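Visitor: Here you go, this is work_10.csv (CSV, C-alpha atoms).
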chain,number,residue,atom,x,y,z
A,24,MET,CA,47.0,-168.6,-222.1
A,25,ARG,CA,43.8,-170.4,-222.5
A,26,SER,CA,43.4,-170.9,-218.8
A,27,PHE,CA,44.1,-167.2,-218.1
A,28,PHE,CA,41.3,-166.1,-220.5
A,29,SER,CA,39.0,-168.8,-219.1
A,30,SER,CA,39.6,-167.6,-215.6
A,31,ASP,CA,39.1,-164.0,-216.6
A,32,ALA,CA,35.8,-164.9,-218.3
A,33,SER,CA,34.6,-166.8,-215.3
A,34,ARG,CA,35.5,-163.8,-213.1
A,35,ALA,CA,33.6,-161.5,-215.4
A,36,GLN,CA,30.6,-163.8,-215.3
A,37,ARG,CA,30.6,-163.8,-211.5
A,38,ILE,CA,30.8,-160.0,-211.4
A,39,ALA,CA,27.9,-159.8,-213.9
A,40,ASN,CA,25.8,-162.2,-211.8
A,41,ALA,CA,26.6,-160.2,-208.6
A,42,LYS,CA,25.6,-156.9,-210.3
A,43,ARG,CA,22.4,-158.5,-211.6
A,44,ARG,CA,21.5,-159.7,-208.1
A,45,VAL,CA,22.1,-156.3,-206.6
A,46,ALA,CA,19.8,-154.8,-209.3
A,47,ASP,CA,17.2,-157.5,-208.6
A,48,ASP,CA,17.3,-156.9,-204.9
A,49,ALA,CA,16.6,-153.2,-205.5
A,50,ALA,CA,13.8,-154.0,-207.9
A,51,TYR,CA,12.2,-156.5,-205.6
A,52,ALA,CA,12.7,-154.5,-202.4
A,53,GLY,CA,9.0,-154.0,-201.9
A,54,LEU,CA,8.4,-157.7,-201.6
A,55,ASP,CA,10.2,-157.7,-198.2
A,56,TYR,CA,7.0,-156.0,-196.9
A,57,LEU,CA,4.8,-159.0,-197.8
A,58,THR,CA,3.9,-161.6,-195.1
A,59,SER,CA,3.9,-164.4,-197.7
A,60,ALA,CA,7.2,-166.0,-198.7
A,61,VAL,CA,8.2,-165.1,-202.3
A,62,LEU,CA,11.0,-166.9,-204.3
A,63,ILE,CA,12.0,-166.3,-207.9
A,64,LEU,CA,13.6,-169.2,-209.7
A,65,ASN,CA,15.8,-169.2,-212.8
A,66,THR,CA,15.8,-171.8,-215.6
A,67,ASP,CA,17.9,-174.2,-213.5
A,68,ALA,CA,15.3,-174.1,-210.7
A,69,ARG,CA,17.8,-172.2,-208.5
A,70,ILE,CA,16.8,-169.3,-206.3
A,71,GLU,CA,17.5,-165.9,-207.8
A,72,TYR,CA,15.6,-163.9,-205.2
A,73,ALA,CA,14.0,-164.6,-201.8
A,74,ASN,CA,12.2,-162.0,-199.6
A,75,ALA,CA,12.4,-161.7,-195.8
A,76,ALA,CA,9.3,-163.8,-195.2
A,77,ALA,CA,10.9,-166.7,-197.2
A,78,GLU,CA,14.0,-166.5,-195.0
A,79,THR,CA,11.7,-166.8,-191.9
A,80,LEU,CA,9.7,-169.6,-193.4
A,81,LEU,CA,12.6,-171.7,-194.5
A,82,GLU,CA,14.8,-170.7,-191.5
A,83,VAL,CA,17.7,-170.0,-193.9
A,84,SER,CA,19.4,-166.6,-194.5
A,85,ARG,CA,19.0,-165.0,-198.0
A,86,LYS,CA,22.7,-165.6,-198.6
A,87,GLY,CA,22.2,-169.3,-197.9
A,88,LEU,CA,19.2,-169.4,-200.3
A,89,LEU,CA,20.5,-167.6,-203.3
A,90,GLY,CA,21.9,-169.9,-206.0
A,91,GLU,CA,20.6,-173.0,-204.4
A,92,ARG,CA,18.0,-175.4,-205.9
A,93,PHE,CA,14.7,-174.7,-204.0
A,94,ALA,CA,13.8,-178.4,-204.1
A,95,SER,CA,17.1,-179.4,-202.3
A,96,PHE,CA,15.8,-178.0,-199.0
A,97,PHE,CA,13.1,-180.7,-198.8
A,98,SER,CA,13.3,-184.5,-198.6
A,99,ASN,CA,10.2,-184.6,-200.8
A,100,GLY,CA,11.5,-181.9,-203.2
A,101,GLU,CA,10.4,-183.9,-206.2
A,102,VAL,CA,7.0,-182.1,-205.7
A,103,ILE,CA,8.7,-178.8,-206.4
A,104,ASP,CA,10.7,-180.2,-209.4
A,105,GLU,CA,7.5,-181.5,-211.0
A,106,LEU,CA,5.8,-178.2,-210.6
A,107,PHE,CA,8.8,-176.4,-212.0
A,108,SER,CA,8.9,-178.7,-215.0
A,109,GLU,CA,5.2,-178.0,-215.8
A,110,ALA,CA,5.8,-174.3,-215.4
A,111,LEU,CA,8.8,-174.3,-217.8
A,112,LEU,CA,6.6,-176.1,-220.4
A,113,GLN,CA,4.0,-173.4,-219.8
A,114,ARG,CA,1.3,-175.9,-219.0
A,115,PHE,CA,-0.3,-173.2,-216.8
A,116,GLY,CA,0.1,-169.5,-216.2
A,117,ASN,CA,-0.9,-169.5,-212.6
A,118,LYS,CA,-1.5,-172.5,-210.3
A,119,ARG,CA,-2.7,-172.7,-206.7
A,120,LEU,CA,-2.3,-175.8,-204.5
A,121,ASP,CA,-1.8,-177.0,-200.9
A,122,MET,CA,1.3,-179.0,-200.2
A,123,THR,CA,3.3,-180.5,-197.3
A,124,LEU,CA,7.1,-180.1,-197.5
A,125,ASP,CA,9.4,-182.1,-195.3
A,126,ARG,CA,12.6,-180.3,-194.3
A,127,VAL,CA,15.9,-182.1,-195.1
A,128,GLN,CA,17.3,-181.2,-191.7
A,129,GLY,CA,14.2,-182.6,-190.0
A,130,GLY,CA,11.8,-180.8,-187.7
A,131,GLU,CA,8.2,-179.9,-188.2
A,132,SER,CA,6.8,-180.2,-191.8
A,133,LEU,CA,5.6,-177.1,-193.6
A,134,GLN,CA,1.8,-177.1,-194.3
A,135,LEU,CA,1.7,-174.6,-197.2
A,136,HIS,CA,-0.7,-173.0,-199.6
A,137,GLY,CA,1.3,-172.2,-202.8
A,138,ILE,CA,0.9,-170.0,-205.8
A,139,VAL,CA,3.1,-170.8,-208.8
A,140,THR,CA,3.2,-168.1,-211.5
A,141,VAL,CA,4.9,-168.3,-214.9
A,142,LEU,CA,6.6,-165.1,-216.2
A,143,ILE,CA,6.5,-165.5,-219.9
A,144,ASP,CA,8.3,-162.1,-220.5
A,145,HIS,CA,11.2,-163.0,-218.2
A,146,PRO,CA,13.0,-166.0,-219.7
A,147,GLU,CA,16.0,-165.8,-217.3
A,148,THR,CA,13.7,-166.0,-214.2
A,149,PRO,CA,10.6,-167.7,-215.4
A,150,VAL,CA,8.9,-168.9,-212.2
A,151,VAL,CA,7.7,-167.1,-209.1
A,152,LEU,CA,6.7,-169.2,-206.0
A,153,GLU,CA,4.6,-167.6,-203.3
A,154,PHE,CA,3.8,-169.5,-200.1
A,155,HIS,CA,2.0,-168.9,-196.9
A,156,GLU,CA,1.5,-171.4,-194.1
A,157,ILE,CA,-2.0,-172.7,-193.9
A,158,ASP,CA,-2.0,-172.2,-190.1
A,159,GLN,CA,-1.2,-168.6,-190.7
A,160,GLN,CA,-4.1,-168.1,-193.1
A,161,ILE,CA,-6.4,-169.7,-190.6
A,162,ARG,CA,-5.0,-167.3,-188.0
A,163,VAL,CA,-5.6,-164.3,-190.3
A,164,ASP,CA,-9.1,-165.4,-191.0
A,165,ARG,CA,-9.9,-165.9,-187.3
A,166,GLU,CA,-8.3,-162.5,-186.5
A,167,GLU,CA,-10.5,-160.8,-189.1
A,168,ARG,CA,-13.6,-162.5,-187.6
A,169,ILE,CA,-12.6,-161.4,-184.1
A,170,LEU,CA,-12.2,-157.8,-185.2
A,171,GLU,CA,-15.5,-157.8,-187.1
A,172,GLN,CA,-17.3,-159.4,-184.1
A,173,THR,CA,-15.7,-157.0,-181.6
A,174,GLN,CA,-16.8,-154.0,-183.7
A,175,ALA,CA,-20.3,-155.4,-183.9
A,176,ASN,CA,-20.4,-156.2,-180.2
A,177,ARG,CA,-19.1,-152.7,-179.4
A,178,GLU,CA,-22.0,-151.1,-181.3
A,179,LEU,CA,-24.5,-153.5,-179.8
A,180,ILE,CA,-23.3,-152.9,-176.3
A,181,ARG,CA,-23.3,-149.1,-176.7
A,182,ASN,CA,-26.8,-149.0,-178.1
A,183,LEU,CA,-28.2,-151.6,-175.7
A,184,ALA,CA,-26.6,-150.0,-172.6
A,185,HIS,CA,-28.1,-146.6,-173.4
A,186,GLU,CA,-31.5,-148.2,-174.0
A,187,ILE,CA,-31.3,-149.9,-170.6
A,188,LYS,CA,-30.0,-146.8,-168.6
A,189,ASN,CA,-33.1,-144.6,-169.1
A,190,PRO,CA,-35.8,-147.1,-167.9
A,191,LEU,CA,-33.5,-148.3,-165.1
A,192,GLY,CA,-33.4,-144.8,-163.6
A,193,GLY,CA,-37.2,-144.6,-163.8
A,194,ILE,CA,-37.7,-148.0,-162.2
A,195,ARG,CA,-35.3,-147.2,-159.3
A,196,GLY,CA,-37.0,-143.8,-158.8
A,197,ALA,CA,-40.5,-145.3,-158.8
A,198,ALA,CA,-39.4,-148.0,-156.3
A,199,GLN,CA,-38.0,-145.3,-153.9
A,200,LEU,CA,-41.3,-143.3,-154.1
A,201,LEU,CA,-43.3,-146.4,-153.5
A,202,GLU,CA,-41.2,-147.2,-150.5
A,203,LEU,CA,-42.1,-143.9,-148.9
A,204,GLU,CA,-45.8,-144.7,-149.2
A,205,ILE,CA,-45.6,-148.2,-147.7
A,206,ASP,CA,-45.9,-148.7,-144.0
A,207,SER,CA,-45.4,-152.5,-144.0
A,208,SER,CA,-41.8,-153.6,-143.5
A,209,GLU,CA,-42.6,-156.8,-145.4
A,210,TYR,CA,-43.5,-154.8,-148.5
A,211,ARG,CA,-40.5,-152.6,-148.1
A,212,GLU,CA,-38.3,-155.7,-148.6
A,213,TYR,CA,-39.7,-156.0,-152.1
A,214,THR,CA,-39.0,-152.4,-152.9
A,215,GLN,CA,-35.4,-152.8,-151.6
A,216,VAL,CA,-35.0,-155.8,-153.9
A,217,ILE,CA,-36.1,-153.6,-156.9
A,218,ILE,CA,-33.7,-150.8,-155.9
A,219,LYS,CA,-30.7,-153.2,-155.3
A,220,GLU,CA,-31.3,-155.0,-158.6
A,221,ALA,CA,-31.6,-151.7,-160.4
A,222,ASP,CA,-28.3,-150.6,-158.9
A,223,ARG,CA,-26.7,-153.9,-159.9
A,224,LEU,CA,-27.8,-153.5,-163.5
A,225,GLN,CA,-26.6,-149.9,-163.4
A,226,THR,CA,-23.2,-151.1,-162.4
A,227,LEU,CA,-23.2,-153.7,-165.1
A,228,VAL,CA,-24.2,-151.1,-167.7
A,229,ASP,CA,-21.4,-148.7,-166.5
A,230,ARG,CA,-18.9,-151.5,-166.9
A,231,LEU,CA,-20.1,-152.1,-170.4
A,232,LEU,CA,-19.8,-148.5,-171.4
A,233,ALA,CA,-16.5,-147.8,-169.5
A,234,PRO,CA,-14.1,-148.7,-172.3
A,235,HIS,CA,-15.9,-146.4,-174.8
A,236,ARG,CA,-16.1,-143.2,-172.7
A,237,ARG,CA,-12.9,-143.4,-170.7
A,238,PRO,CA,-10.2,-141.0,-172.1
A,239,HIS,CA,-7.2,-142.6,-173.7
A,240,ILE,CA,-4.2,-141.4,-171.5
A,241,VAL,CA,-1.1,-141.9,-173.5
A,242,SER,CA,2.4,-142.0,-172.0
A,243,ASP,CA,5.6,-144.0,-172.3
A,244,VAL,CA,5.0,-147.6,-171.2
A,245,ASN,CA,7.4,-150.3,-170.2
A,246,ILE,CA,5.5,-153.6,-170.8
A,247,HIS,CA,7.4,-155.4,-168.0
A,248,GLU,CA,6.1,-152.9,-165.5
A,249,VAL,CA,2.6,-153.8,-166.7
A,250,PHE,CA,3.3,-157.5,-166.2
A,251,GLU,CA,5.0,-157.0,-162.8
A,252,ARG,CA,2.0,-155.0,-161.5
A,253,VAL,CA,-0.4,-157.8,-162.7
A,254,ARG,CA,1.9,-160.5,-161.2
A,255,SER,CA,1.9,-158.7,-157.8
A,256,VAL,CA,-1.9,-158.5,-157.8
A,257,LEU,CA,-2.3,-162.2,-158.6
A,258,MET,CA,0.2,-163.3,-156.1
A,259,ALA,CA,-1.7,-161.4,-153.4
A,260,GLU,CA,-5.0,-163.0,-154.5
A,261,TYR,CA,-3.5,-166.5,-154.8
A,262,PRO,CA,-0.7,-166.7,-152.2
A,263,HIS,CA,-0.7,-170.5,-152.3
A,264,GLY,CA,-0.9,-173.2,-155.0
A,265,LEU,CA,-0.1,-170.9,-158.0
A,266,VAL,CA,3.3,-170.3,-159.5
A,267,ILE,CA,3.7,-167.4,-161.9
A,268,GLU,CA,6.8,-167.6,-164.0
A,269,ARG,CA,8.5,-164.8,-165.9
A,270,ASP,CA,10.0,-165.3,-169.3
A,271,TYR,CA,10.9,-161.7,-170.3
A,272,ASP,CA,12.9,-160.3,-173.2
A,273,ALA,CA,14.7,-157.5,-171.5
A,274,SER,CA,15.6,-155.8,-174.8
A,275,LEU,CA,12.0,-154.7,-175.6
A,276,PRO,CA,11.6,-151.0,-176.1
A,277,GLU,CA,9.2,-148.7,-174.3
A,278,PHE,CA,6.2,-147.5,-176.4
A,279,ARG,CA,3.4,-145.0,-176.3
A,280,GLY,CA,0.2,-146.3,-174.7
A,281,ASP,CA,-2.4,-146.1,-172.0
A,282,LYS,CA,-0.7,-147.9,-169.1
A,283,GLU,CA,-3.8,-148.3,-167.0
A,284,GLN,CA,-5.8,-149.8,-169.8
A,285,LEU,CA,-3.0,-152.3,-170.6
A,286,ILE,CA,-2.7,-153.3,-166.9
A,287,GLN,CA,-6.5,-153.9,-166.9
A,288,ALA,CA,-6.4,-155.9,-170.1
A,289,VAL,CA,-3.5,-158.1,-169.0
A,290,LEU,CA,-5.0,-158.5,-165.5
A,291,ASN,CA,-8.3,-159.7,-167.0
A,292,ILE,CA,-6.5,-162.3,-169.1
A,293,VAL,CA,-4.4,-163.5,-166.2
A,294,ARG,CA,-7.4,-163.6,-163.8
A,295,ASN,CA,-9.3,-165.5,-166.3
A,296,ALA,CA,-6.5,-168.1,-166.4
A,297,ALA,CA,-6.3,-168.2,-162.6
A,298,GLU,CA,-10.0,-168.9,-162.3
A,299,ALA,CA,-9.7,-171.7,-164.9
A,300,LEU,CA,-6.9,-173.2,-162.8
A,301,ALA,CA,-9.0,-173.5,-159.6
A,302,PRO,CA,-8.6,-177.4,-159.4
A,303,GLN,CA,-4.8,-177.1,-160.0
A,304,ILE,CA,-4.5,-174.4,-157.4
A,305,ARG,CA,-6.1,-176.6,-154.8
A,306,GLY,CA,-3.7,-179.3,-155.7
A,307,GLY,CA,-0.7,-177.0,-155.7
A,308,LEU,CA,0.1,-177.7,-159.4
A,309,ALA,CA,-1.1,-174.5,-161.1
A,310,GLN,CA,1.3,-172.5,-163.3
A,311,ILE,CA,1.0,-169.3,-165.4
A,312,VAL,CA,3.9,-168.2,-167.6
A,313,LEU,CA,4.2,-164.5,-168.5
A,314,ARG,CA,6.3,-164.2,-171.7
A,315,THR,CA,7.4,-161.2,-173.7
A,316,ARG,CA,9.0,-161.2,-177.2
A,317,ILE,CA,9.4,-159.1,-180.3
A,318,ALA,CA,7.6,-160.1,-183.5
A,319,ARG,CA,8.6,-158.9,-187.0
A,320,GLN,CA,6.5,-158.4,-190.1
A,321,VAL,CA,3.2,-158.7,-188.3
A,322,THR,CA,-0.2,-158.1,-190.0
A,323,ILE,CA,-3.0,-156.8,-187.8
A,324,ALA,CA,-6.4,-155.8,-189.2
A,325,LYS,CA,-4.9,-156.0,-192.7
A,326,THR,CA,-2.1,-153.5,-191.8
A,327,LEU,CA,1.5,-154.7,-191.9
A,328,TYR,CA,3.7,-153.6,-189.0
A,329,ARG,CA,7.5,-154.0,-189.1
A,330,LEU,CA,7.7,-154.7,-185.4
A,331,ALA,CA,5.2,-155.6,-182.7
A,332,LEU,CA,5.3,-156.6,-179.0
A,333,GLU,CA,4.2,-160.3,-178.6
A,334,LEU,CA,2.9,-161.0,-175.1
A,335,HIS,CA,1.9,-164.4,-173.9
A,336,VAL,CA,-0.1,-165.6,-170.9
A,337,ILE,CA,0.2,-169.4,-170.8
A,338,ASP,CA,-1.5,-171.6,-168.2
A,339,ASN,CA,-1.6,-175.4,-167.6
A,340,GLY,CA,-5.4,-175.5,-167.0
A,341,PRO,CA,-8.0,-177.7,-168.6
A,342,GLY,CA,-8.3,-175.5,-171.8
A,343,ILE,CA,-11.3,-173.6,-173.2
A,344,PRO,CA,-14.2,-175.8,-174.1
A,345,GLN,CA,-14.5,-176.2,-177.9
A,346,ASP,CA,-18.1,-174.9,-177.9
A,347,LEU,CA,-16.9,-171.6,-176.3
A,348,GLN,CA,-13.8,-171.0,-178.4
A,349,GLU,CA,-15.7,-169.1,-181.2
A,350,ARG,CA,-17.6,-167.0,-178.6
A,351,ILE,CA,-14.9,-166.4,-176.0
A,352,PHE,CA,-14.7,-162.6,-176.7
A,353,PHE,CA,-18.4,-162.1,-176.8
A,354,PRO,CA,-19.9,-160.0,-174.0
A,355,LEU,CA,-21.7,-161.9,-171.2
A,356,VAL,CA,-20.3,-165.3,-172.4
A,357,SER,CA,-18.5,-167.1,-169.5
A,358,GLY,CA,-17.2,-170.6,-169.1
A,359,ARG,CA,-17.7,-170.7,-165.3
A,360,ASP,CA,-20.6,-170.2,-162.9
A,361,GLY,CA,-20.8,-166.7,-161.5
A,362,GLY,CA,-18.6,-165.2,-164.2
A,363,SER,CA,-19.7,-161.8,-165.7
A,364,GLY,CA,-18.4,-162.7,-169.2
A,365,LEU,CA,-16.9,-159.2,-169.5
A,366,GLY,CA,-13.2,-159.8,-168.7
A,367,LEU,CA,-12.0,-160.9,-172.1
A,368,THR,CA,-14.4,-158.6,-173.9
A,369,LEU,CA,-13.0,-155.5,-172.1
A,370,ALA,CA,-9.4,-156.8,-172.6
A,371,GLN,CA,-9.9,-157.1,-176.3
A,372,THR,CA,-11.4,-153.6,-176.5
A,373,PHE,CA,-8.5,-152.1,-174.6
A,374,VAL,CA,-6.0,-153.9,-176.8
A,375,GLN,CA,-7.7,-152.9,-180.0
A,376,GLN,CA,-7.6,-149.3,-178.8
A,377,HIS,CA,-3.8,-149.7,-179.1
A,378,GLN,CA,-4.3,-151.1,-182.7
A,379,GLY,CA,-3.5,-154.6,-181.3
A,380,VAL,CA,-5.3,-157.9,-181.1
A,381,ILE,CA,-5.7,-160.8,-178.7
A,382,GLU,CA,-5.5,-164.4,-180.1
A,383,PHE,CA,-5.4,-167.7,-178.3
A,384,ASP,CA,-4.6,-171.3,-178.8
A,385,SER,CA,-6.1,-173.8,-176.3
A,386,ARG,CA,-6.0,-177.5,-175.7
A,387,PRO,CA,-6.2,-179.6,-172.4
A,388,GLY,CA,-3.2,-178.8,-170.3
A,389,ARG,CA,-2.1,-175.6,-172.2
A,390,THR,CA,-3.9,-172.4,-173.1
A,391,ASP,CA,-1.9,-169.6,-174.6
A,392,PHE,CA,-3.4,-166.1,-174.9
A,393,LYS,CA,-1.2,-163.9,-177.2
A,394,VAL,CA,-1.4,-160.2,-177.3
A,395,LEU,CA,0.1,-158.3,-180.3
A,396,LEU,CA,0.8,-154.6,-179.9
A,397,PRO,CA,2.3,-152.9,-183.0
A,398,LEU,CA,5.4,-150.7,-182.5
A,399,PRO,CA,5.9,-147.5,-184.5
Show me, as structure tokens, the structure contained in the file I just sent.

Guide:
Amino acid sequence: MRSFFSSDASRAQRIANAKRRVADDAAYAGLDYLTSAVLILNTDARIEYANAAAETLLEVSRKGLLGERFASFFSNGEVIDELFSEALLQRFGNKRLDMTLDRVQGGESLQLHGIVTVLIDHPETPVVLEFHEIDQQIRVDREERILEQTQANRELIRNLAHEIKNPLGGIRGAAQLLELEIDSSEYREYTQVIIKEADRLQTLVDRLLAPHRRPHIVSDVNIHEVFERVRSVLMAEYPHGLVIERDYDASLPEFRGDKEQLIQAVLNIVRNAAEALAPQIRGGLAQIVLRTRIARQVTIAKTLYRLALELHVIDNGPGIPQDLQERIFFPLVSGRDGGSGLGLTLAQTFVQQHQGVIEFDSRPGRTDFKVLLPLP
């Protein structure tokens, strides 16, 4: 009889726990929209709640996390246990710290910035842990700088281009009138230099202004058609010595966008990679990988998107020089002789007109340009 009641009580407890977790999931549903990992621990240091970002960070499903001791997922989990003990003793209300956690199953360590918060009014779930990867924070900071720089560049270019256009027309017109008055062919050579240089500068100004005045033509876009068009152009330009590999996710959906702008943006990035690969092309060792993936819970320009296209252009070139990496999207900045320095600037502008962003990671032997385009 005793065992029957004991079993019945245990079952009732399990039901109560299940109901509480369902209620908690409903109450905490908004936390799934955060990009930082959030875990709520009970008095036994076991996980009562984990949001979607925590699942991604720990590479464990929510079902596998709930009820487990958070410290047990790491070989150096005593760091977590010590923090939790201090929190239970209410030695702090809120604490920020950087930490390195080593996964029990091996693999890459997690470099994290953590925030530990004590919930005095919630004795059953007294501790909230919030984590984000330090690399992610660096990426977000760099993205914000890029967006701010691009906006400033756009205004500077627009104003500067308009200031240049007016006197250029006057200079060219004056040179043409002067040429009509000159009989000597030797002096006409000089007026021709003025006219040709004025035309060259006019072309440059038009290219600077083009992204700002071209209408945004929106239609259904298949990103693989964009990549295939770019690939065919590059294979025609570099028939020997360059291998372009495809690594496509065929399940990616179509989206609304300006196909021609996106082709130009990707073409500029791929051409930039091919130009950096000149020594490898001569040696027949050059490689560019075109990769497409889907990304989830992506923050772009401080806006969270549930889904985004993640496009990669990866080359095995020498990498971007360190002194150029902070300025690579600036107009008229080029890493090679004869470069206009406009390719990546225009690419970033076209991508941003689709609410996206271009990022990159570069080291000798591997440069990866990543384009993020949010999906509705």

Visitor: Please provide the set of residues having any atom within 12 Å of Glu78 in chain A, restricted to only C-alpha atoms, with same-chain residues fewer than 2 positions apart removed, written as a list in words.

Guide: Asp55, Thr58, Ser59, Ala60, Val61, Leu62, Ile70, Tyr72, Ala73, Asn74, Ala75, Ala76, Leu80, Leu81, Glu82, Val83, Ser84, Arg85, Lys86, Gly87, Leu88, Leu89 and Phe154 of chain A

Visitor: Tell me which of A:Asn295, A:Thr326, A:Gln303, A:Gln113 sits closest to Gly379 in chain A, counting all atoms listed in the file.

Guide: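 Nearest candidate to Gly379 in chain A out of A:Asn295, A:Thr326, A:Gln303, A:Gln113: A:Thr326.
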
Visitor: For Leu265 in chain A, list every protein, DNA or RNA residue within 10 Å, evaluated using only C-alpha atoms, and leave out those in the same chain fewer than 2 positions away; present the list as a list in words.

Guide: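 Once the adjacent positions are removed, what remains is Leu257, Met258, Glu260, Tyr261, Pro262, His263, Ile267, Glu268, Ala297, Leu300, Ala301, Gln303, Ile304, Arg305, Gly306, Gly307, Leu308, Ala309, Gln310 and Ile311 of chain A.
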
Visitor: Distance CA of Leu334 in chain A-CA of Phe392 in chain A, one decimal place?

Guide: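 Rounded to one decimal, the two atoms are 8.1 Å apart.
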
Visitor: From the list A:Pro344, A:Phe373, A:Ile337, A:Leu327, which residue is nearest Asp281 in chain A when using only C-alpha atoms?

Guide: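 Among A:Pro344, A:Phe373, A:Ile337, A:Leu327, it is A:Phe373 that comes nearest to Asp281 in chain A.
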
Visitor: Pick out the residues sitting within 8 Å of Ala110 in chain A, and hand them over as a PyMOL selection string; count all atoms listed in the file, and ignore anything fewer than 5 positions along from it in its own chain.

Guide: chain A and resi 115-116+139-141+150

Visitor: Hey, which of A:Leu64, A:Val127, A:Ala296, A:Leu142 ends up closest to Asp104 in chain A? Count only C-alpha atoms.

Guide: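 Looking only at the distances to Asp104 in chain A, the closest residue turns out to be A:Leu64.
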
Visitor: Would you list the contacts of Gln225 in chain A as a PyMOL selection string, taking every protein, DNA or RNA residue within 8 Å and counting all atoms listed in the file, but skipping same-chain residues closer than 4 positions in sequence?

Guide: chain A and resi 188+191+221+229

Visitor: Grab the CA of Asn339 in chain A to CA of Asp384 in chain A distance for me, in Å with one decimal place.

Guide: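 One can read the CA of Asn339 in chain A to CA of Asp384 in chain A distance as 12.3 Å.
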
Visitor: Excluding range 314-316 of chain A and any residue of its chain fewer than 6 positions from it, enumerate the residues within 9 Å of it, using all atoms listed in the file, and give them as a count of residues only.

Guide: 17

Visitor: Just to confirm, what's the straight-line distance from CA of Asn65 in chain A to CA of Ile143 in chain A in Å (one decimal)?

Guide: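 Interatomic distance, CA of Asn65 in chain A to CA of Ile143 in chain A: 12.3 Å.
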
Visitor: My list of candidates is A:Ile217, A:Ala318, A:Val249, A:Ala198. Which is closest to Val289 in chain A when distances are computed with only C-alpha atoms?

Guide: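 Ranking A:Ile217, A:Ala318, A:Val249, A:Ala198 by distance to Val289 in chain A, first place goes to A:Val249.
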
Visitor: So which one's closest to Arg386 in chain A, A:Gly100, A:Gly342, A:Gly366, A:Gly193? Using all atoms listed in the file, please.

Guide: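 Selected residue with least distance to Arg386 in chain A: A:Gly342.
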
Visitor: Measuring atom to atom with all atoms listed in the file, identify which of A:Leu369, A:Ile343, A:Ser242, A:Arg252 is nearest to Glu277 in chain A.

Guide: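 The answer is A:Ser242, which sits nearest to Glu277 in chain A.
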